[in-house]
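Have a look at the structure below before the remarks.
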Amino acid sequence: MSFIKRKISLSTLFILLAITFTSFTAEAQQLSSHKRGTVLEQLEQNSRNNIVDQVINYAYRFRGTPYRYGSSSPKGFDCSGFTSYVFKRFGIDLDRSSRGQITDGVRVKKNDLQPGDLVFFQGRSGRGGVGHVGIVTKVNEDNTFHFIHSACSSGVTESKNTEAYYSRRYVGACRVL
């Protein structure tokens with residue numbers, strides 16, 4: 001008789017543990033979804049962050065490479081040649097022109113920028129159209145950002161959107177990752 005009671009007690013215990021674990025897991029999942037998204041969303045974000053880090057680190061390799069109009073080679077880049085070269089390394093084919101690249105991804109508001117996004121600026125003519133592109137490397141809490149690009153004056157370099165030249169010429173951004 002005591003053997004049967006133990007058996008029932010053990011099976012009841014296992015059922016209670018299973019119910020408790022299931023309840024705990026559901027609560028943890030709900031809490032997780034409130035804080036940082038579901039576990040699956042967090043994994044997807046971590047995967048994106050890993051790719052973004054790789055893209056930015058690869059882009060940094062070319063700092064100091066001279067500017068060459070119409071070129072997309074490590075011997076020299078223009079702005080869209082640089083961005084298309086960097087992203088091609090990761091299997092993403094961008095339009096060859098900065099005007100075309102702004103439509104290659106999903107448009108992003110300035111306040112929603114993330115590292116890896118493409119940012120676009122007016123060209124030197126100042127007529128309002130896209131004439132320059134770079135890759136966001138860092139976003140600050142105040143929504144200012146740094147970006148790497150190939151500039152006529154300095155080749156591949158990192159700049160800030162708060163610099164006078166770029167702050168007046170910002171056009172928009174898109175996300176291709």
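So you can find residues: chains in the structure tokens are A, B, ... in the order shown, residues in each start at 1, and ligands are numbered from 1 in order.
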Could you name the residues that touch A:Ser159 at 10 Å or less, counting only C-alpha atoms, but leaving out those on the same chain fewer than 4 positions away, as a PyMOL selection string?
-> chain A and resi 134+136-137+145-149+151+163+166
How close does each residue of stretch 62-160 of chain A get to stretch 171-175 of chain A, giving the shortest atom pair and distance in Å to one decimal for every residue with an atom at most 12 Å away, counting only C-alpha atoms, sorted by chain and residue number, as CSV?
residue,atom,partner,partner_atom,distance
A:Phe87,CA,A:Arg175,CA,11.8
A:Ile92,CA,A:Arg175,CA,11.7
A:Leu94,CA,A:Arg175,CA,11.6
A:Ser98,CA,A:Ala173,CA,11.1
A:Arg99,CA,A:Val171,CA,10.7
A:Gly100,CA,A:Cys174,CA,11.4
A:Gln101,CA,A:Cys174,CA,8.5
A:Ile102,CA,A:Cys174,CA,6.2
A:Thr103,CA,A:Cys174,CA,7.5
A:Asp104,CA,A:Cys174,CA,7.6
A:Gly105,CA,A:Arg175,CA,5.0
A:Val106,CA,A:Cys174,CA,5.1
A:Arg107,CA,A:Cys174,CA,4.2
A:Val108,CA,A:Cys174,CA,5.0
A:Lys109,CA,A:Ala173,CA,6.8
A:Lys110,CA,A:Ala173,CA,7.0
A:Asn111,CA,A:Ala173,CA,10.3
A:Asp112,CA,A:Ala173,CA,9.5
A:Leu113,CA,A:Ala173,CA,7.7
A:Gln114,CA,A:Arg175,CA,8.4
A:Pro115,CA,A:Arg175,CA,9.4
A:Gly116,CA,A:Arg175,CA,7.4
A:Asp117,CA,A:Arg175,CA,4.7
A:Leu118,CA,A:Cys174,CA,5.4
A:Val119,CA,A:Ala173,CA,4.3
A:Phe120,CA,A:Gly172,CA,5.3
A:Phe121,CA,A:Val171,CA,4.9
A:Gln122,CA,A:Val171,CA,6.3
A:Gly123,CA,A:Val171,CA,9.9
A:Gly126,CA,A:Val171,CA,10.9
A:Arg127,CA,A:Val171,CA,11.2
A:Gly128,CA,A:Val171,CA,7.7
A:Gly129,CA,A:Val171,CA,7.7
A:Val130,CA,A:Val171,CA,6.7
A:Gly131,CA,A:Val171,CA,9.3
A:His132,CA,A:Val171,CA,9.4
A:Val133,CA,A:Ala173,CA,9.0
A:Gly134,CA,A:Ala173,CA,9.5
A:Ile135,CA,A:Ala173,CA,9.6
A:Val136,CA,A:Ala173,CA,9.4
A:Phe145,CA,A:Ala173,CA,11.9
A:Phe147,CA,A:Ala173,CA,11.6
Name the closest residue to A:Gly64 among the candidates A:Gln45, A:Ser80, A:Ser150, A:Asn143; distances are taken between atoms, counting only C-alpha atoms.
->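 Going through A:Gln45, A:Ser80, A:Ser150, A:Asn143 one by one, the smallest distance to A:Gly64 is for A:Ser150.
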